[in-house]
>>> print(open('input_29.cif').read())   # mmCIF, C-alpha atoms and all ligand atoms
data_final
loop_
_atom_site.group_PDB
_atom_site.id
_atom_site.type_symbol
_atom_site.label_atom_id
_atom_site.label_comp_id
_atom_site.auth_asym_id
_atom_site.auth_seq_id
_atom_site.Cartn_x
_atom_site.Cartn_y
_atom_site.Cartn_z
ATOM 1 C CA MET A 248 0.000 0.000 0.000
ATOM 2 C CA LYS A 249 1.262 3.432 -0.845
ATOM 3 C CA ILE A 250 0.136 7.004 -0.394
ATOM 4 C CA ILE A 251 0.421 9.311 -3.363
ATOM 5 C CA CYS A 252 0.172 13.023 -2.653
ATOM 6 C CA ILE A 253 -0.520 15.746 -5.176
ATOM 7 C CA GLY A 254 1.242 19.046 -4.551
ATOM 8 C CA ARG A 255 0.185 22.534 -5.658
ATOM 9 C CA ASN A 256 -3.234 21.464 -6.911
ATOM 10 C CA TYR A 257 -5.048 24.599 -5.745
ATOM 11 C CA ALA A 258 -3.704 27.809 -7.262
ATOM 12 C CA ASP A 259 -4.329 29.940 -4.159
ATOM 13 C CA HIS A 260 -2.244 27.558 -2.037
ATOM 14 C CA ALA A 261 0.606 27.359 -4.593
ATOM 15 C CA LYS A 262 0.757 31.158 -4.432
ATOM 16 C CA GLU A 263 0.764 31.348 -0.634
ATOM 17 C CA LEU A 264 3.957 29.248 -0.641
ATOM 18 C CA ASN A 265 5.440 31.306 -3.506
ATOM 19 C CA ASN A 266 5.351 28.308 -5.833
ATOM 20 C CA GLN A 267 4.584 28.511 -9.512
ATOM 21 C CA VAL A 268 1.222 27.167 -10.601
ATOM 22 C CA PRO A 269 2.238 23.866 -12.229
ATOM 23 C CA GLU A 270 1.567 22.953 -15.846
ATOM 24 C CA GLU A 271 1.300 19.264 -14.977
ATOM 25 C CA PRO A 272 0.551 17.557 -11.659
ATOM 26 C CA VAL A 273 3.287 17.428 -9.023
ATOM 27 C CA PHE A 274 3.272 14.257 -6.946
ATOM 28 C CA PHE A 275 5.279 12.543 -4.243
ATOM 29 C CA ILE A 276 4.847 9.365 -2.185
ATOM 30 C CA LYS A 277 4.598 8.681 1.529
ATOM 31 C CA PRO A 278 5.210 5.173 2.890
ATOM 32 C CA ASP A 279 2.492 3.201 4.716
ATOM 33 C CA THR A 280 4.240 3.992 8.025
ATOM 34 C CA ALA A 281 3.053 7.586 7.549
ATOM 35 C CA LEU A 282 -0.587 6.667 8.179
ATOM 36 C CA LEU A 283 -2.207 7.782 11.432
ATOM 37 C CA ARG A 284 -5.592 6.096 11.795
ATOM 38 C CA ASN A 285 -8.553 5.919 14.180
ATOM 39 C CA ASN A 286 -8.474 9.592 15.218
ATOM 40 C CA SER A 287 -5.296 8.877 17.180
ATOM 41 C CA PRO A 288 -3.457 11.877 18.612
ATOM 42 C CA PHE A 289 -0.425 13.259 16.809
ATOM 43 C CA TYR A 290 2.699 13.725 18.914
ATOM 44 C CA LEU A 291 4.730 16.717 17.761
ATOM 45 C CA PRO A 292 8.305 15.624 17.054
ATOM 46 C CA PRO A 293 11.008 17.596 18.882
ATOM 47 C CA GLU A 294 11.410 20.961 17.174
ATOM 48 C CA ASP A 295 15.190 20.638 16.927
ATOM 49 C CA PHE A 296 14.563 17.487 14.884
ATOM 50 C CA LEU A 297 11.959 18.430 12.249
ATOM 51 C CA GLY A 298 11.166 22.075 12.983
ATOM 52 C CA GLU A 299 7.597 23.382 12.557
ATOM 53 C CA ILE A 300 4.956 20.878 11.466
ATOM 54 C CA HIS A 301 2.236 22.339 9.237
ATOM 55 C CA TYR A 302 -1.219 20.957 8.456
ATOM 56 C CA GLU A 303 -2.670 20.605 4.937
ATOM 57 C CA VAL A 304 -6.218 19.262 4.722
ATOM 58 C CA GLU A 305 -6.881 17.177 1.608
ATOM 59 C CA LEU A 306 -9.567 14.950 0.149
ATOM 60 C CA VAL A 307 -8.323 11.383 -0.209
ATOM 61 C CA LEU A 308 -9.285 8.887 -2.909
ATOM 62 C CA LYS A 309 -9.309 5.196 -2.095
ATOM 63 C CA ILE A 310 -8.130 3.138 -5.053
ATOM 64 C CA ASN A 311 -10.251 0.006 -5.571
ATOM 65 C CA LYS A 312 -8.665 -1.535 -8.634
ATOM 66 C CA ALA A 313 -5.141 -2.049 -9.951
ATOM 67 C CA GLY A 314 -4.210 -0.068 -13.031
ATOM 68 C CA LYS A 315 -1.355 1.280 -15.088
ATOM 69 C CA ALA A 316 -1.467 4.093 -17.663
ATOM 70 C CA ILE A 317 -5.191 4.496 -17.069
ATOM 71 C CA PRO A 318 -6.928 6.576 -19.745
ATOM 72 C CA LYS A 319 -8.670 9.629 -18.292
ATOM 73 C CA GLN A 320 -12.088 8.520 -19.506
ATOM 74 C CA PHE A 321 -11.855 5.333 -17.411
ATOM 75 C CA ALA A 322 -10.131 6.867 -14.377
ATOM 76 C CA SER A 323 -13.287 7.199 -12.267
ATOM 77 C CA ARG A 324 -13.612 3.390 -12.243
ATOM 78 C CA TYR A 325 -10.429 3.154 -10.200
ATOM 79 C CA TYR A 326 -11.658 4.781 -6.981
ATOM 80 C CA ASP A 327 -14.863 4.103 -5.137
ATOM 81 C CA LYS A 328 -14.648 6.139 -1.931
ATOM 82 C CA ILE A 329 -13.547 9.562 -0.755
ATOM 83 C CA GLY A 330 -12.195 10.374 2.677
ATOM 84 C CA ILE A 331 -10.162 13.167 4.181
ATOM 85 C CA GLY A 332 -6.647 13.382 5.516
ATOM 86 C CA LEU A 333 -3.873 15.687 6.589
ATOM 87 C CA ASP A 334 -0.627 15.925 4.659
ATOM 88 C CA LEU A 335 1.570 16.948 7.581
ATOM 89 C CA THR A 336 4.691 18.757 6.467
ATOM 90 C CA ALA A 337 7.901 19.814 8.204
ATOM 91 C CA ARG A 338 7.710 23.156 6.437
ATOM 92 C CA GLN A 339 11.066 24.704 7.332
ATOM 93 C CA LEU A 340 12.878 21.501 6.472
ATOM 94 C CA GLN A 341 10.960 21.251 3.179
ATOM 95 C CA GLN A 342 11.978 24.826 2.371
ATOM 96 C CA LYS A 343 15.635 23.994 2.950
ATOM 97 C CA LEU A 344 15.438 20.854 0.798
ATOM 98 C CA LYS A 345 13.643 22.772 -1.983
ATOM 99 C CA GLU A 346 16.303 25.465 -1.988
ATOM 100 C CA LYS A 347 18.971 22.798 -2.423
ATOM 101 C CA GLY A 348 16.974 21.024 -5.109
ATOM 102 C CA LEU A 349 16.803 17.873 -2.970
ATOM 103 C CA PRO A 350 13.871 15.444 -2.570
ATOM 104 C CA TRP A 351 11.265 16.397 0.076
ATOM 105 C CA GLU A 352 10.974 12.948 1.690
ATOM 106 C CA LYS A 353 12.315 13.872 5.114
ATOM 107 C CA ALA A 354 9.829 16.745 5.334
ATOM 108 C CA LYS A 355 6.831 14.813 4.040
ATOM 109 C CA ALA A 356 7.203 11.088 4.684
ATOM 110 C CA PHE A 357 8.035 10.947 8.400
ATOM 111 C CA ASP A 358 6.074 8.646 10.731
ATOM 112 C CA PHE A 359 2.407 9.615 11.213
ATOM 113 C CA SER A 360 2.626 12.425 8.647
ATOM 114 C CA ALA A 361 -0.587 11.183 7.017
ATOM 115 C CA PRO A 362 -3.544 11.213 9.427
ATOM 116 C CA ILE A 363 -6.566 9.740 7.628
ATOM 117 C CA SER A 364 -10.305 9.535 8.318
ATOM 118 C CA MET A 365 -11.720 6.277 9.667
ATOM 119 C CA GLU A 366 -14.727 6.553 7.400
ATOM 120 C CA PHE A 367 -14.756 6.957 3.620
ATOM 121 C CA ILE A 368 -17.853 8.113 1.741
ATOM 122 C CA PRO A 369 -18.966 6.145 -1.337
ATOM 123 C CA LYS A 370 -18.376 8.498 -4.259
ATOM 124 C CA GLN A 371 -21.982 8.222 -5.495
ATOM 125 C CA GLU A 372 -23.070 10.005 -2.300
ATOM 126 C CA LEU A 373 -21.007 13.077 -3.192
ATOM 127 C CA ASN A 374 -21.563 15.549 -5.992
ATOM 128 C CA ILE A 375 -18.224 15.351 -7.782
ATOM 129 C CA LYS A 376 -19.496 17.250 -10.833
ATOM 130 C CA GLU A 377 -20.732 20.256 -8.852
ATOM 131 C CA GLY A 378 -17.694 20.206 -6.525
ATOM 132 C CA ILE A 379 -17.191 18.812 -3.032
ATOM 133 C CA ASN A 380 -16.721 21.178 -0.097
ATOM 134 C CA PHE A 381 -14.236 20.279 2.595
ATOM 135 C CA SER A 382 -12.717 22.149 5.494
ATOM 136 C CA LEU A 383 -10.478 22.073 8.518
ATOM 137 C CA GLU A 384 -11.254 23.560 11.888
ATOM 138 C CA ILE A 385 -8.664 24.099 14.621
ATOM 139 C CA ASN A 386 -9.878 24.790 18.159
ATOM 140 C CA GLY A 387 -13.300 25.721 16.790
ATOM 141 C CA LYS A 388 -12.070 28.111 14.088
ATOM 142 C CA THR A 389 -12.176 27.291 10.365
ATOM 143 C CA VAL A 390 -8.664 27.620 8.951
ATOM 144 C CA GLN A 391 -8.977 25.945 5.547
ATOM 145 C CA GLN A 392 -11.922 25.689 3.215
ATOM 146 C CA GLY A 393 -11.813 24.150 -0.235
ATOM 147 C CA ASN A 394 -13.995 23.040 -3.076
ATOM 148 C CA THR A 395 -12.831 20.478 -5.605
ATOM 149 C CA LYS A 396 -13.979 22.642 -8.504
ATOM 150 C CA ASP A 397 -10.938 24.828 -7.721
ATOM 151 C CA MET A 398 -8.494 21.965 -8.309
ATOM 152 C CA LEU A 399 -6.027 22.576 -11.131
ATOM 153 C CA PHE A 400 -6.153 18.843 -11.961
ATOM 154 C CA ASP A 401 -9.333 16.919 -11.204
ATOM 155 C CA PHE A 402 -9.512 13.390 -9.779
ATOM 156 C CA ASP A 403 -9.569 11.731 -13.198
ATOM 157 C CA GLU A 404 -6.628 13.760 -14.497
ATOM 158 C CA ILE A 405 -4.635 12.906 -11.364
ATOM 159 C CA ILE A 406 -5.278 9.164 -11.728
ATOM 160 C CA ALA A 407 -4.445 9.210 -15.443
ATOM 161 C CA TYR A 408 -1.244 11.169 -14.857
ATOM 162 C CA VAL A 409 0.105 9.321 -11.815
ATOM 163 C CA SER A 410 -0.653 5.873 -13.266
ATOM 164 C CA LYS A 411 1.558 6.627 -16.270
ATOM 165 C CA TYR A 412 4.528 6.501 -13.899
ATOM 166 C CA VAL A 413 3.386 4.390 -10.950
ATOM 167 C CA THR A 414 1.048 1.382 -11.033
ATOM 168 C CA LEU A 415 -1.955 1.915 -8.776
ATOM 169 C CA ARG A 416 -3.075 -0.958 -6.574
ATOM 170 C CA THR A 417 -6.181 -1.697 -4.564
ATOM 171 C CA GLY A 418 -5.875 -0.014 -1.180
ATOM 172 C CA ASP A 419 -3.628 2.818 -2.304
ATOM 173 C CA TYR A 420 -4.590 6.332 -1.251
ATOM 174 C CA ILE A 421 -4.275 9.526 -3.243
ATOM 175 C CA TYR A 422 -4.163 12.802 -1.290
ATOM 176 C CA THR A 423 -5.461 15.304 -3.815
ATOM 177 C CA GLY A 424 -3.930 18.600 -2.707
ATOM 178 C CA THR A 425 -4.683 21.362 -0.250
ATOM 179 C CA PRO A 426 -6.390 24.750 -0.544
ATOM 180 C CA GLN A 427 -5.102 27.983 0.965
ATOM 181 C CA GLY A 428 -4.704 28.487 4.693
ATOM 182 C CA VAL A 429 -2.007 26.040 5.752
ATOM 183 C CA GLY A 430 -0.280 26.759 9.042
ATOM 184 C CA ARG A 431 1.578 25.478 12.023
ATOM 185 C CA LEU A 432 0.447 22.832 14.523
ATOM 186 C CA ASN A 433 0.763 23.603 18.203
ATOM 187 C CA LYS A 434 0.610 21.363 21.245
ATOM 188 C CA GLY A 435 -2.969 21.118 22.505
ATOM 189 C CA ASP A 436 -4.625 21.885 19.142
ATOM 190 C CA LEU A 437 -7.796 19.993 18.329
ATOM 191 C CA LEU A 438 -8.294 19.524 14.588
ATOM 192 C CA LYS A 439 -11.602 18.599 12.953
ATOM 193 C CA ALA A 440 -11.864 17.896 9.234
ATOM 194 C CA TYR A 441 -15.166 17.927 7.381
ATOM 195 C CA ILE A 442 -16.496 16.780 4.018
ATOM 196 C CA GLU A 443 -19.527 19.002 3.387
ATOM 197 C CA ASP A 444 -21.106 19.117 6.891
ATOM 198 C CA ARG A 445 -19.901 15.697 7.920
ATOM 199 C CA LEU A 446 -17.243 15.464 10.633
ATOM 200 C CA MET A 447 -14.794 12.895 9.258
ATOM 201 C CA LEU A 448 -11.551 13.239 11.199
ATOM 202 C CA GLU A 449 -10.629 14.495 14.652
ATOM 203 C CA MET A 450 -7.073 14.777 15.842
ATOM 204 C CA GLU A 451 -5.508 16.100 18.965
ATOM 205 C CA VAL A 452 -1.941 17.434 18.922
ATOM 206 C CA ARG A 453 0.148 16.403 21.895
HETATM 207 ZN ZN ZN A 501 -0.285 18.423 0.433
#
>>> encode(input="input_29.cif", output="structure tokens")
Amino acid sequence: MKIICIGRNYADHAKELNNQVPEEPVFFIKPDTALLRNNSPFYLPPEDFLGEIHYEVELVLKINKAGKAIPKQFASRYYDKIGIGLDLTARQLQQKLKEKGLPWEKAKAFDFSAPISMEFIPKQELNIKEGINFSLEINGKTVQQGNTKDMLFDFDEIIAYVSKYVTLRTGDYIYTGTPQGVGRLNKGDLLKAYIEDRLMLEMEVR
């Protein structure tokens, strides 16, 4: 099982990090040891180790069929459920690695850097055509709000693109990118992630 993450898929977020809006999808992979399930708390790593940890709320596709070089018109057959997750990022470390032109793995793939909702919603229950709303609340305040119609690359384009390079397998997850409003996690924060009005993921920072 692998976790594929799409970077810079919402223009307003790419801009807030001073990144160019990409012409083709940007993706990277987290290992299965990055998953944090069952609304378990997240323990902040020592700051002198990874620096600041930032949250990025993202809709997550659950792949239900193996495929390689999937044509876009068939891509929707390869995922059946949508959940929500956090792509936790050691932002200062990522910045340093980016400046040096090095891979981001240390800043993105560390243990428990991919909290994920327990529940996934069957895709037929969501209005993918009209756009799906999702959001993140920290300590009762909404900090990120997105709608999938603002994605630069939609779900089908992502699946078609990624599967040209990497075979998708049943059980893989695709984190589909984050909207504007990312920020730092602090000890004691309580995070709640929603798809439409449905509370999907709760996570305490310790
Ligand atoms: Zn992300």
>>> residues_near_ligand(input="input_29.cif", ligand="ligand ZN 501 (chain A)", cutoff="7 Å", atoms="all atoms listed in the file", output="list in words")
Cys252, Ile253, Gly254, Glu303, Glu305, Asp334, Gly424 and Thr425 of chain A
>>> resolve_selection(input="input_29.cif", expression="the PyMOL selection byres (((chain A and resi 320-331) around 7) and not hetatm)", output="MDAnalysis selection string")
chainID A and resid 305:312 317:319 332 363:364 366:370 403 406:407 447
>>> closest_residue(input="input_29.cif", among="A:Asp259, A:Glu377, A:Asp419, A:Glu372", to="Pro278 in chain A", atoms="all atoms listed in the file")
A:Asp419
>>> resolve_selection(input="input_29.cif", expression="the PyMOL selection byres (((chain A and resi 428-441) around 9) and not hetatm)", output="CSV table (one decimal) with C-alpha atoms, in the coordinates of the input")
chain,number,residue,atom,x,y,z
A,259,ASP,CA,-4.3,29.9,-4.2
A,260,HIS,CA,-2.2,27.6,-2.0
A,263,GLU,CA,0.8,31.3,-0.6
A,290,TYR,CA,2.7,13.7,18.9
A,291,LEU,CA,4.7,16.7,17.8
A,299,GLU,CA,7.6,23.4,12.6
A,300,ILE,CA,5.0,20.9,11.5
A,301,HIS,CA,2.2,22.3,9.2
A,302,TYR,CA,-1.2,21.0,8.5
A,303,GLU,CA,-2.7,20.6,4.9
A,304,VAL,CA,-6.2,19.3,4.7
A,331,ILE,CA,-10.2,13.2,4.2
A,332,GLY,CA,-6.6,13.4,5.5
A,333,LEU,CA,-3.9,15.7,6.6
A,338,ARG,CA,7.7,23.2,6.4
A,364,SER,CA,-10.3,9.5,8.3
A,380,ASN,CA,-16.7,21.2,-0.1
A,381,PHE,CA,-14.2,20.3,2.6
A,382,SER,CA,-12.7,22.1,5.5
A,383,LEU,CA,-10.5,22.1,8.5
A,384,GLU,CA,-11.3,23.6,11.9
A,385,ILE,CA,-8.7,24.1,14.6
A,386,ASN,CA,-9.9,24.8,18.2
A,387,GLY,CA,-13.3,25.7,16.8
A,390,VAL,CA,-8.7,27.6,9.0
A,391,GLN,CA,-9.0,25.9,5.5
A,392,GLN,CA,-11.9,25.7,3.2
A,425,THR,CA,-4.7,21.4,-0.2
A,426,PRO,CA,-6.4,24.8,-0.5
A,427,GLN,CA,-5.1,28.0,1.0
A,442,ILE,CA,-16.5,16.8,4.0
A,443,GLU,CA,-19.5,19.0,3.4
A,444,ASP,CA,-21.1,19.1,6.9
A,445,ARG,CA,-19.9,15.7,7.9
A,446,LEU,CA,-17.2,15.5,10.6
A,447,MET,CA,-14.8,12.9,9.3
A,448,LEU,CA,-11.6,13.2,11.2
A,449,GLU,CA,-10.6,14.5,14.7
A,450,MET,CA,-7.1,14.8,15.8
A,451,GLU,CA,-5.5,16.1,19.0
A,452,VAL,CA,-1.9,17.4,18.9
A,453,ARG,CA,0.1,16.4,21.9
>>> axis_aligned_box(input="input_29.cif", around="range 422-438 of chain A", padding_each_side="6 Å", output="AutoDock Vina command-line options")
--center_x -3.4 --center_y 20.6 --center_z 9.3 --size_x 21.9 --size_y 27.7 --size_z 38.3
>>> resolve_selection(input="input_29.cif", expression="the PyMOL selection byres (((chain A and resi 360) around 6) and not hetatm)", output="PyMOL selection string")
chain A and resi 281+335+357-359+361
>>> write_last_selection(input="input_29.cif", atoms="C-alpha atoms", output="PDB file, keeping the file's coordinate frame")
ATOM      1  CA  ALA A 281       3.053   7.586   7.549  1.00  0.00           C
ATOM      2  CA  LEU A 335       1.570  16.948   7.581  1.00  0.00           C
ATOM      3  CA  PHE A 357       8.035  10.947   8.400  1.00  0.00           C
ATOM      4  CA  ASP A 358       6.074   8.646  10.731  1.00  0.00           C
ATOM      5  CA  PHE A 359       2.407   9.615  11.213  1.00  0.00           C
ATOM      6  CA  ALA A 361      -0.587  11.183   7.017  1.00  0.00           C
TER       7      ALA A 361
END
>>> atom_distance(input="input_29.cif", atom1="CA of Lys277 in chain A", atom2="CA of Ile251 in chain A")
6.5 Å
>>> closest_residue(input="input_29.cif", among="A:Pro293, A:Asp397, A:Met248, A:Thr280", to="Leu415 in chain A", atoms="all atoms listed in the file")
A:Met248
>>> atom_distance(input="input_29.cif", atom1="CA of Lys345 in chain A", atom2="CA of Thr395 in chain A")
26.8 Å
